[in-house]
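Here's run-v7.tsv, which has TSV, C-alpha atoms:
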```tsv
chain	number	residue	atom	x	y	z
U	1	MET	CA	-20.50	7.23	3.63
U	2	ILE	CA	-18.03	8.74	6.12
U	3	ARG	CA	-14.40	8.74	4.98
U	4	LEU	CA	-11.97	8.96	7.86
U	5	ARG	CA	-8.58	10.56	7.38
U	6	LYS	CA	-6.29	8.36	9.42
U	7	PRO	CA	-3.12	9.76	11.01
U	8	PHE	CA	-1.02	7.20	9.12
U	9	TYR	CA	-1.42	4.50	6.48
U	10	HIS	CA	0.34	1.18	6.00
U	11	LEU	CA	2.75	0.80	3.13
U	12	ASP	CA	0.48	-1.49	1.05
U	13	GLU	CA	-2.37	1.04	1.26
U	14	VAL	CA	-0.17	3.85	-0.05
U	15	MET	CA	1.33	1.75	-2.86
U	16	LEU	CA	-2.21	1.02	-4.03
U	17	ARG	CA	-3.14	4.72	-3.87
U	18	TRP	CA	-0.06	5.82	-5.81
U	19	GLU	CA	-0.02	2.79	-8.15
U	20	MET	CA	3.63	2.19	-7.23
U	21	THR	CA	5.64	-0.92	-6.53
U	22	GLU	CA	7.76	-1.43	-3.44
U	23	ARG	CA	10.84	-0.84	-5.59
U	24	ASP	CA	9.45	2.57	-6.55
U	25	ILE	CA	8.93	3.43	-2.88
U	26	ALA	CA	12.47	2.22	-2.04
U	27	ALA	CA	13.96	4.48	-4.72
U	28	PHE	CA	12.29	7.59	-3.27
U	29	VAL	CA	13.30	6.53	0.25
U	30	LEU	CA	16.94	5.98	-0.71
U	31	ALA	CA	17.02	9.39	-2.41
U	32	ASP	CA	15.64	10.87	0.84
U	33	GLU	CA	12.58	12.19	-1.02
U	34	LEU	CA	10.09	10.18	1.05
U	35	THR	CA	10.07	9.57	4.80
U	36	LEU	CA	8.83	6.25	6.15
U	37	SER	CA	7.77	5.86	9.74
U	38	ALA	CA	7.33	2.88	12.05
U	39	THR	CA	4.73	2.13	14.67
U	40	VAL	CA	6.04	1.66	18.20
U	41	GLY	CA	4.46	0.77	21.52
U	42	GLY	CA	6.75	3.06	23.48
U	43	LEU	CA	10.38	4.17	23.22
U	44	ARG	CA	12.32	6.70	25.23
U	45	ILE	CA	14.07	9.08	22.86
U	46	GLU	CA	17.01	11.31	23.73
U	47	TYR	CA	17.22	14.42	21.56
U	48	GLY	CA	19.65	17.28	21.24
U	49	VAL	CA	22.05	19.21	19.01
U	50	ILE	CA	25.25	18.15	17.27
U	51	GLU	CA	28.18	20.50	17.75
U	52	GLU	CA	30.87	20.45	15.06
U	53	MET	CA	34.42	20.76	16.36
U	54	GLY	CA	36.04	21.73	13.04
U	55	ASP	CA	38.42	18.74	12.89
U	56	ASP	CA	35.93	16.14	11.63
U	57	ARG	CA	34.81	15.56	15.19
U	58	CYS	CA	31.41	16.30	16.64
U	59	PHE	CA	29.73	16.06	20.01
U	60	ARG	CA	26.12	15.39	20.89
U	61	ILE	CA	24.71	17.83	23.42
U	62	PRO	CA	21.52	16.39	25.00
U	63	GLU	CA	18.55	18.67	25.52
U	64	GLY	CA	16.08	16.19	26.97
U	65	THR	CA	14.13	12.98	26.49
U	66	ARG	CA	10.62	12.13	25.35
U	67	PHE	CA	8.51	8.98	25.31
U	68	ALA	CA	7.39	8.01	21.80
U	69	ILE	CA	4.10	6.10	21.41
U	70	GLY	CA	2.57	5.80	17.95
U	71	THR	CA	4.95	6.53	15.08
U	72	ILE	CA	8.62	7.41	14.73
U	73	ASP	CA	10.24	8.82	11.58
U	74	LEU	CA	13.02	6.63	10.22
U	75	ALA	CA	16.34	7.76	8.75
U	76	HIS	CA	16.31	7.09	5.01
U	77	ASP	CA	19.13	4.53	5.13
U	78	ASP	CA	17.40	2.55	7.91
U	79	ALA	CA	14.06	2.64	6.06
U	80	TRP	CA	15.73	1.44	2.85
U	81	ARG	CA	17.36	-1.45	4.73
U	82	ILE	CA	14.02	-2.53	6.17
U	83	LEU	CA	12.47	-2.55	2.69
U	84	ARG	CA	15.40	-4.51	1.30
U	85	GLU	CA	15.95	-7.00	4.12
U	86	GLY	CA	12.44	-7.26	5.58
U	87	SER	CA	13.68	-6.05	8.97
U	88	TRP	CA	16.49	-3.93	10.40
U	89	ALA	CA	17.63	-2.88	13.86
U	90	ILE	CA	17.97	0.85	14.56
U	91	THR	CA	19.54	3.02	17.25
U	92	SER	CA	18.46	6.47	16.04
U	93	LEU	CA	15.61	8.30	14.30
U	94	LYS	CA	15.43	10.88	11.54
U	95	ALA	CA	16.37	14.35	12.77
U	96	GLU	CA	16.68	17.87	11.43
U	97	PRO	CA	20.17	18.95	10.21
U	98	GLY	CA	22.40	19.72	13.15
U	99	ARG	CA	20.25	17.72	15.55
U	100	TYR	CA	19.98	14.10	16.64
U	101	GLN	CA	17.42	11.67	18.06
U	102	ASN	CA	18.74	8.50	19.65
U	103	ILE	CA	16.81	5.66	21.23
U	104	ASP	CA	17.72	6.02	24.90
U	105	GLY	CA	19.53	3.10	26.49
U	106	LEU	CA	20.42	1.33	23.23
U	107	ASN	CA	23.84	0.84	21.71
U	108	TRP	CA	25.37	-0.85	18.68
U	109	GLU	CA	25.07	-4.26	20.34
U	110	ASN	CA	21.51	-3.68	21.58
U	111	LYS	CA	19.27	-2.21	18.87
U	112	HIS	CA	15.54	-1.74	18.36
U	113	PRO	CA	14.21	-4.09	15.62
U	114	VAL	CA	11.80	-2.73	13.00
U	115	HIS	CA	9.98	-5.08	10.63
U	116	ARG	CA	8.42	-4.32	7.26
U	117	ASN	CA	4.93	-4.77	8.71
U	118	ASP	CA	5.72	-1.91	11.12
U	119	LEU	CA	6.25	0.54	8.24
U	120	VAL	CA	3.71	3.32	7.70
U	121	ILE	CA	3.57	6.73	6.04
U	122	CYS	CA	2.09	9.57	8.05
U	123	ARG	CA	-0.78	11.54	6.52
U	124	ALA	CA	1.17	14.81	6.48
U	125	GLU	CA	4.03	13.12	4.62
U	126	ILE	CA	1.62	11.62	2.07
U	127	GLU	CA	0.14	15.05	1.38
U	128	ARG	CA	3.61	16.68	1.17
U	129	PHE	CA	4.91	14.00	-1.22
U	130	GLU	CA	1.85	14.18	-3.48
U	131	GLN	CA	2.24	17.94	-3.76
U	132	ALA	CA	5.99	17.70	-4.41
U	133	GLN	CA	5.49	15.05	-7.11
U	134	ASP	CA	2.38	16.72	-8.54
U	135	LEU	CA	0.45	13.47	-8.22
U	136	SER	CA	-3.10	13.72	-9.54
U	137	VAL	CA	-4.80	12.24	-6.49
U	138	GLU	CA	-8.01	13.77	-5.22
U	139	ALA	CA	-7.48	15.50	-1.89
U	140	ASN	CA	-10.22	13.50	-0.18
U	141	ALA	CA	-9.79	10.27	-2.10
U	142	PRO	CA	-9.86	7.30	0.28
U	143	ILE	CA	-6.74	5.19	0.65
U	144	ARG	CA	-7.93	1.68	-0.04
U	145	ARG	CA	-6.83	-1.20	2.10
U	146	GLY	CA	-5.21	-4.41	1.01
U	147	ALA	CA	-2.75	-5.48	-1.65
U	148	PRO	CA	-3.51	-5.09	-5.37
U	149	SER	CA	-5.70	-7.86	-6.80
U	150	ARG	CA	-3.89	-10.87	-8.22
U	151	PHE	CA	-6.23	-10.93	-11.22
U	152	ASP	CA	-6.99	-8.19	-13.75
U	153	TRP	CA	-10.75	-7.85	-13.31
U	154	ASP	CA	-10.96	-4.80	-15.56
U	155	ALA	CA	-9.60	-6.87	-18.44
U	156	PHE	CA	-11.95	-9.67	-17.39
U	157	TRP	CA	-15.02	-7.49	-17.95
U	158	VAL	CA	-13.69	-6.36	-21.32
U	159	GLU	CA	-13.41	-10.03	-22.32
U	160	VAL	CA	-16.95	-10.74	-21.05
U	161	CYS	CA	-18.26	-7.98	-23.31
U	162	ARG	CA	-16.22	-9.20	-26.27
U	163	VAL	CA	-17.45	-12.80	-25.90
U	164	ILE	CA	-21.12	-11.83	-25.64
U	165	HIS	CA	-20.87	-9.31	-28.47
U	166	ALA	CA	-19.03	-11.70	-30.82
U	167	ASP	CA	-20.72	-15.02	-30.02
U	168	GLY	CA	-23.87	-14.15	-28.13
U	169	LEU	CA	-24.86	-15.29	-24.68
U	170	PRO	CA	-23.96	-18.98	-24.05
U	171	ASN	CA	-26.75	-21.41	-23.25
U	172	THR	CA	-25.60	-21.87	-19.66
U	173	GLN	CA	-23.68	-19.83	-17.13
U	174	ASN	CA	-21.22	-22.69	-16.71
U	175	GLU	CA	-20.25	-22.41	-20.38
U	176	LEU	CA	-19.42	-18.73	-19.89
U	177	VAL	CA	-17.49	-19.50	-16.72
U	178	ASP	CA	-15.43	-22.17	-18.56
U	179	ARG	CA	-14.60	-19.78	-21.40
U	180	LEU	CA	-13.42	-17.07	-19.02
U	181	ALA	CA	-11.38	-19.52	-16.95
U	182	GLU	CA	-9.63	-20.59	-20.18
U	183	TRP	CA	-9.07	-16.91	-21.04
U	184	PHE	CA	-7.43	-16.31	-17.66
U	185	GLU	CA	-5.14	-19.33	-18.11
U	186	ARG	CA	-4.23	-18.32	-21.66
U	187	ASN	CA	-3.50	-14.67	-20.94
U	188	HIS	CA	-2.45	-14.58	-17.31
U	189	LYS	CA	-1.02	-18.09	-16.74
U	190	ALA	CA	-3.36	-18.49	-13.77
U	191	ALA	CA	-7.09	-18.33	-13.14
U	192	PRO	CA	-9.28	-17.74	-10.09
U	193	ASP	CA	-11.40	-20.69	-9.02
U	194	GLU	CA	-14.64	-21.19	-10.96
U	195	SER	CA	-16.80	-20.22	-7.98
U	196	THR	CA	-15.14	-16.78	-7.91
U	197	ILE	CA	-15.74	-16.25	-11.64
U	198	LYS	CA	-19.33	-17.42	-11.26
U	199	LYS	CA	-19.91	-15.02	-8.37
U	200	LYS	CA	-18.60	-12.13	-10.47
U	201	LEU	CA	-20.88	-13.04	-13.38
U	202	LYS	CA	-24.02	-13.85	-11.42
U	203	PRO	CA	-25.68	-10.37	-11.39
U	204	LEU	CA	-24.96	-9.83	-15.10
U	205	TRP	CA	-26.11	-13.36	-16.02
U	206	ARG	CA	-29.40	-12.94	-14.17
U	207	GLU	CA	-30.11	-9.60	-15.85
U	208	LEU	CA	-29.30	-10.85	-19.37
U	209	ARG	CA	-31.33	-14.04	-18.88
U	210	ARG	CA	-34.26	-12.00	-17.58
U	211	GLN	CA	-34.19	-9.85	-20.71
U	212	ASP	CA	-34.16	-12.97	-22.90
U	213	GLU	CA	-37.31	-14.38	-21.32
U	214	PRO	CA	-40.60	-14.16	-23.24
U	215	PRO	CA	-42.75	-11.21	-22.03
U	216	SER	CA	-45.44	-13.57	-20.74
U	217	LEU	CA	-42.97	-15.46	-18.55
U	218	ALA	CA	-41.33	-12.29	-17.29
U	219	LYS	CA	-44.76	-10.89	-16.39
U	220	ALA	CA	-45.69	-14.09	-14.56
U	221	ARG	CA	-42.60	-13.76	-12.40
```
How would this structure read if it were set down as structure tokens?
Amino acid sequence: MIRLRKPFYHLDEVMLRWEMTERDIAAFVLADELTLSATVGGLRIEYGVIEEMGDDRCFRIPEGTRFAIGTIDLAHDDAWRILREGSWAITSLKAEPGRYQNIDGLNWENKHPVHRNDLVICRAEIERFEQAQDLSVEANAPIRRGAPSRFDWDAFWVEVCRVIHADGLPNTQNELVDRLAEWFERNHKAAPDESTIKKKLKPLWRELRRQDEPPSLAKAR
């Protein structure tokens, strides 16, 4: 199976990879230890240097403009606001010390909106952060898509094994489904629908039932 290394990954994919919550991500962003980016269809960016005047004043000296298509790196305070509020309007991008990057043509009354769904983390930043935090993630491990599952399926399979070991295999699959639905409700205050539980159990049920069949019947099949 080919595993593609994408140039950037959406926030939910990275949270799943790092086993972090959005609050964890926000803490690293606010501390300026993690850079979030945003996807854009095209923005003209003015860049240049900031000259300090020595009396708490500074001037921006433009060096040129560029057209950004793809991703833009966000200043940590803007990124934190987007995580907190769900969206935030920006006028500038993250820049190296002593430099600036402003969105050309915008001002404090006319800003560029960025929504949470626009947030991504670039591959190079993921690799830098993992090295800085000494995260034990395999270098070529795929970043899985989608949000974490609502239900704890690992614990589900532990319960399946416990039930069968303690009480034996129920007479019908529906009995096993009912017991596991009750277990979900009792331990997790919610349960997936019975068809989902049944689908999970189906391969195991078939194999265990096949092993329980008399040899003559199994041979006839």
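Here CA of Val114 in chain U stands at a distance of 25.0 Å from CA of Arg5 in chain U.
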Note to self: Quick check, in Å to one decimal: how far apart do CA of Ala155 in chain U and CA of Leu11 in chain U lie?
What the structure shows: 26.0 Å
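Distance-wise, CA of Gly48 in chain U and CA of Ile90 in chain U end up 17.8 Å apart.
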Leaving out range 50-58 of chain U and any residue of its chain fewer than 4 positions from it, which residues lie within 12 Å of it when counting all atoms listed in the file, given as a compact mmCIF listing (two decimals) with C-alpha atoms, keeping the file's coordinate frame?
```
# COMPACT_ATOMS: atom_id res chain seq x y z
CA PRO U 62 21.52 16.39 25.00
CA GLU U 63 18.55 18.67 25.52
CA ALA U 95 16.37 14.35 12.77
CA GLU U 96 16.68 17.87 11.43
CA PRO U 97 20.17 18.95 10.21
CA GLY U 98 22.40 19.72 13.15
CA ARG U 99 20.25 17.72 15.55
CA TYR U 100 19.98 14.10 16.64
CA GLN U 101 17.42 11.67 18.06
CA ASN U 102 18.74 8.50 19.65
```
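Proximity to Leu74 in chain U was assessed for U:Ile45, U:Ile197, U:Ala38, U:Ile61 counting all atoms listed in the file; the smallest distance is recorded for U:Ala38.
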Next item on the list: Rank U:Ser87, U:Asn117, U:Asn174, U:Thr21 by their smallest atom-to-atom distance to Ser195 in chain U, using all atoms listed in the file, and report the top residue only.
Entry: U:Asn174
Checklist line | Distance query Asp178 in chain U at most 12 Å, all atoms listed in the file, self and fewer than 6 positions along chain excluded, as a list in words | finding: Val160, Pro170, Thr172, Phe184, Glu185, Ala191, Pro192, Asp193, Glu194, Ser195, Thr196, Ile197, Lys198 and Leu201 of chain U
Margin query: Measuring between only C-alpha atoms, which one of U:Leu43, U:Ala31, U:Leu16, U:Leu83 shows the shortest distance to Lys111 in chain U?
Written below: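 Checking each candidate against Lys111 in chain U, we get U:Leu43 as the closest.
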Next item on the list: Find the residues around Leu36 in chain U up to 12 Å (only C-alpha atoms counted), leave out those fewer than 4 positions away in its own chain, and share them as an NGL selection string.
Entry: :U and (8-11 or 14 or 25-26 or 28-30 or 32 or 71-83 or 93-94 or 114 or 116-126 or 129)
Next item on the list: Write out as a list in words each polymer residue whose atoms come within 10 Å of Asp104 in chain U, counting only C-alpha atoms; drop sequence neighbours fewer than 4 positions from it.
Entry: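 Skipping anything fewer than 4 positions along the chain leaves Leu43, Arg44, Ile45, Glu46, Tyr47, Thr65, Arg66, Phe67, Thr91 and Ser92 of chain U.
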Grab the residues selected above and save them as a tab-separated table (two decimals), in the coordinates of the input with C-alpha atoms.
```
chain	number	residue	atom	x	y	z
U	43	LEU	CA	10.38	4.17	23.22
U	44	ARG	CA	12.32	6.70	25.23
U	45	ILE	CA	14.07	9.08	22.86
U	46	GLU	CA	17.01	11.31	23.73
U	47	TYR	CA	17.22	14.42	21.56
U	65	THR	CA	14.13	12.98	26.49
U	66	ARG	CA	10.62	12.13	25.35
U	67	PHE	CA	8.51	8.98	25.31
U	91	THR	CA	19.54	3.02	17.25
U	92	SER	CA	18.46	6.47	16.04
```
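Residue nearest Leu204 in chain U within the list U:Gly105, U:Arg179, U:Ala27, U:Gln173: U:Gln173 [criterion: smallest interatomic distance, all atoms listed in the file].
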Item checked: Best match for closeness to Trp18 in chain U among U:His112, U:Gln133, U:Arg209, U:Leu169, counting all atoms listed in the file ->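 Result for the nearest residue to Trp18 in chain U: U:Gln133.
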Missing atoms in range 26-49 of chain U: fill them in up to N, CA and C atoms and send the result as a JSON list (two decimals), keeping the file's coordinate frame.
```
[["chain", "number", "residue", "atom", "x", "y", "z"],
["U", 26, "ALA", "N", 11.08, 2.32, -2.53],
["U", 26, "ALA", "CA", 12.47, 2.22, -2.04],
["U", 26, "ALA", "C", 13.37, 3.24, -2.72],
["U", 27, "ALA", "N", 13.13, 3.51, -4.01],
["U", 27, "ALA", "CA", 13.96, 4.48, -4.72],
["U", 27, "ALA", "C", 13.78, 5.88, -4.14],
["U", 28, "PHE", "N", 12.53, 6.27, -3.87],
["U", 28, "PHE", "CA", 12.29, 7.59, -3.27],
["U", 28, "PHE", "C", 12.84, 7.67, -1.85],
["U", 29, "VAL", "N", 12.76, 6.56, -1.12],
["U", 29, "VAL", "CA", 13.30, 6.53, 0.25],
["U", 29, "VAL", "C", 14.81, 6.68, 0.22],
["U", 30, "LEU", "N", 15.48, 5.93, -0.65],
["U", 30, "LEU", "CA", 16.94, 5.98, -0.71],
["U", 30, "LEU", "C", 17.43, 7.35, -1.13],
["U", 31, "ALA", "N", 16.66, 8.03, -1.99],
["U", 31, "ALA", "CA", 17.02, 9.39, -2.41],
["U", 31, "ALA", "C", 16.63, 10.43, -1.37],
["U", 32, "ASP", "N", 16.08, 9.99, -0.25],
["U", 32, "ASP", "CA", 15.64, 10.87, 0.84],
["U", 32, "ASP", "C", 14.56, 11.85, 0.38],
["U", 33, "GLU", "N", 13.70, 11.39, -0.54],
["U", 33, "GLU", "CA", 12.58, 12.19, -1.02],
["U", 33, "GLU", "C", 11.25, 11.76, -0.39],
["U", 34, "LEU", "N", 11.29, 10.68, 0.38],
["U", 34, "LEU", "CA", 10.09, 10.18, 1.05],
["U", 34, "LEU", "C", 10.48, 9.61, 2.41],
["U", 35, "THR", "N", 9.77, 10.03, 3.44],
["U", 35, "THR", "CA", 10.07, 9.57, 4.80],
["U", 35, "THR", "C", 9.09, 8.48, 5.21],
["U", 36, "LEU", "N", 9.63, 7.32, 5.58],
["U", 36, "LEU", "CA", 8.83, 6.25, 6.15],
["U", 36, "LEU", "C", 8.89, 6.34, 7.67],
["U", 37, "SER", "N", 7.83, 5.90, 8.29],
["U", 37, "SER", "CA", 7.77, 5.86, 9.74],
["U", 37, "SER", "C", 7.51, 4.43, 10.19],
["U", 38, "ALA", "N", 7.60, 4.20, 11.48],
["U", 38, "ALA", "CA", 7.33, 2.88, 12.05],
["U", 38, "ALA", "C", 6.45, 3.05, 13.27],
["U", 39, "THR", "N", 5.58, 2.09, 13.48],
["U", 39, "THR", "CA", 4.73, 2.13, 14.67],
["U", 39, "THR", "C", 5.48, 1.52, 15.84],
["U", 40, "VAL", "N", 5.36, 2.15, 17.00],
["U", 40, "VAL", "CA", 6.04, 1.66, 18.20],
["U", 40, "VAL", "C", 5.09, 1.72, 19.39],
["U", 41, "GLY", "N", 5.28, 0.80, 20.31],
["U", 41, "GLY", "CA", 4.46, 0.77, 21.52],
["U", 41, "GLY", "C", 4.96, 1.68, 22.61],
["U", 42, "GLY", "N", 6.20, 2.17, 22.47],
["U", 42, "GLY", "CA", 6.75, 3.06, 23.48],
["U", 42, "GLY", "C", 8.27, 2.98, 23.51],
["U", 43, "LEU", "N", 8.93, 4.09, 23.18],
["U", 43, "LEU", "CA", 10.38, 4.17, 23.22],
["U", 43, "LEU", "C", 10.78, 5.50, 23.85],
["U", 44, "ARG", "N", 11.80, 5.45, 24.69],
["U", 44, "ARG", "CA", 12.32, 6.70, 25.23],
["U", 44, "ARG", "C", 13.38, 7.23, 24.28],
["U", 45, "ILE", "N", 13.20, 8.47, 23.85],
["U", 45, "ILE", "CA", 14.07, 9.08, 22.86],
["U", 45, "ILE", "C", 14.86, 10.22, 23.49],
["U", 46, "GLU", "N", 16.17, 10.18, 23.32],
["U", 46, "GLU", "CA", 17.01, 11.31, 23.73],
["U", 46, "GLU", "C", 17.23, 12.20, 22.51],
["U", 47, "TYR", "N", 17.05, 13.50, 22.67],
["U", 47, "TYR", "CA", 17.22, 14.42, 21.56],
["U", 47, "TYR", "C", 18.15, 15.56, 21.97],
["U", 48, "GLY", "N", 18.75, 16.18, 20.96],
["U", 48, "GLY", "CA", 19.65, 17.28, 21.24],
["U", 48, "GLY", "C", 20.29, 17.81, 19.98],
["U", 49, "VAL", "N", 21.36, 18.59, 20.15],
["U", 49, "VAL", "CA", 22.05, 19.21, 19.01],
["U", 49, "VAL", "C", 23.41, 18.55, 18.82]]
```
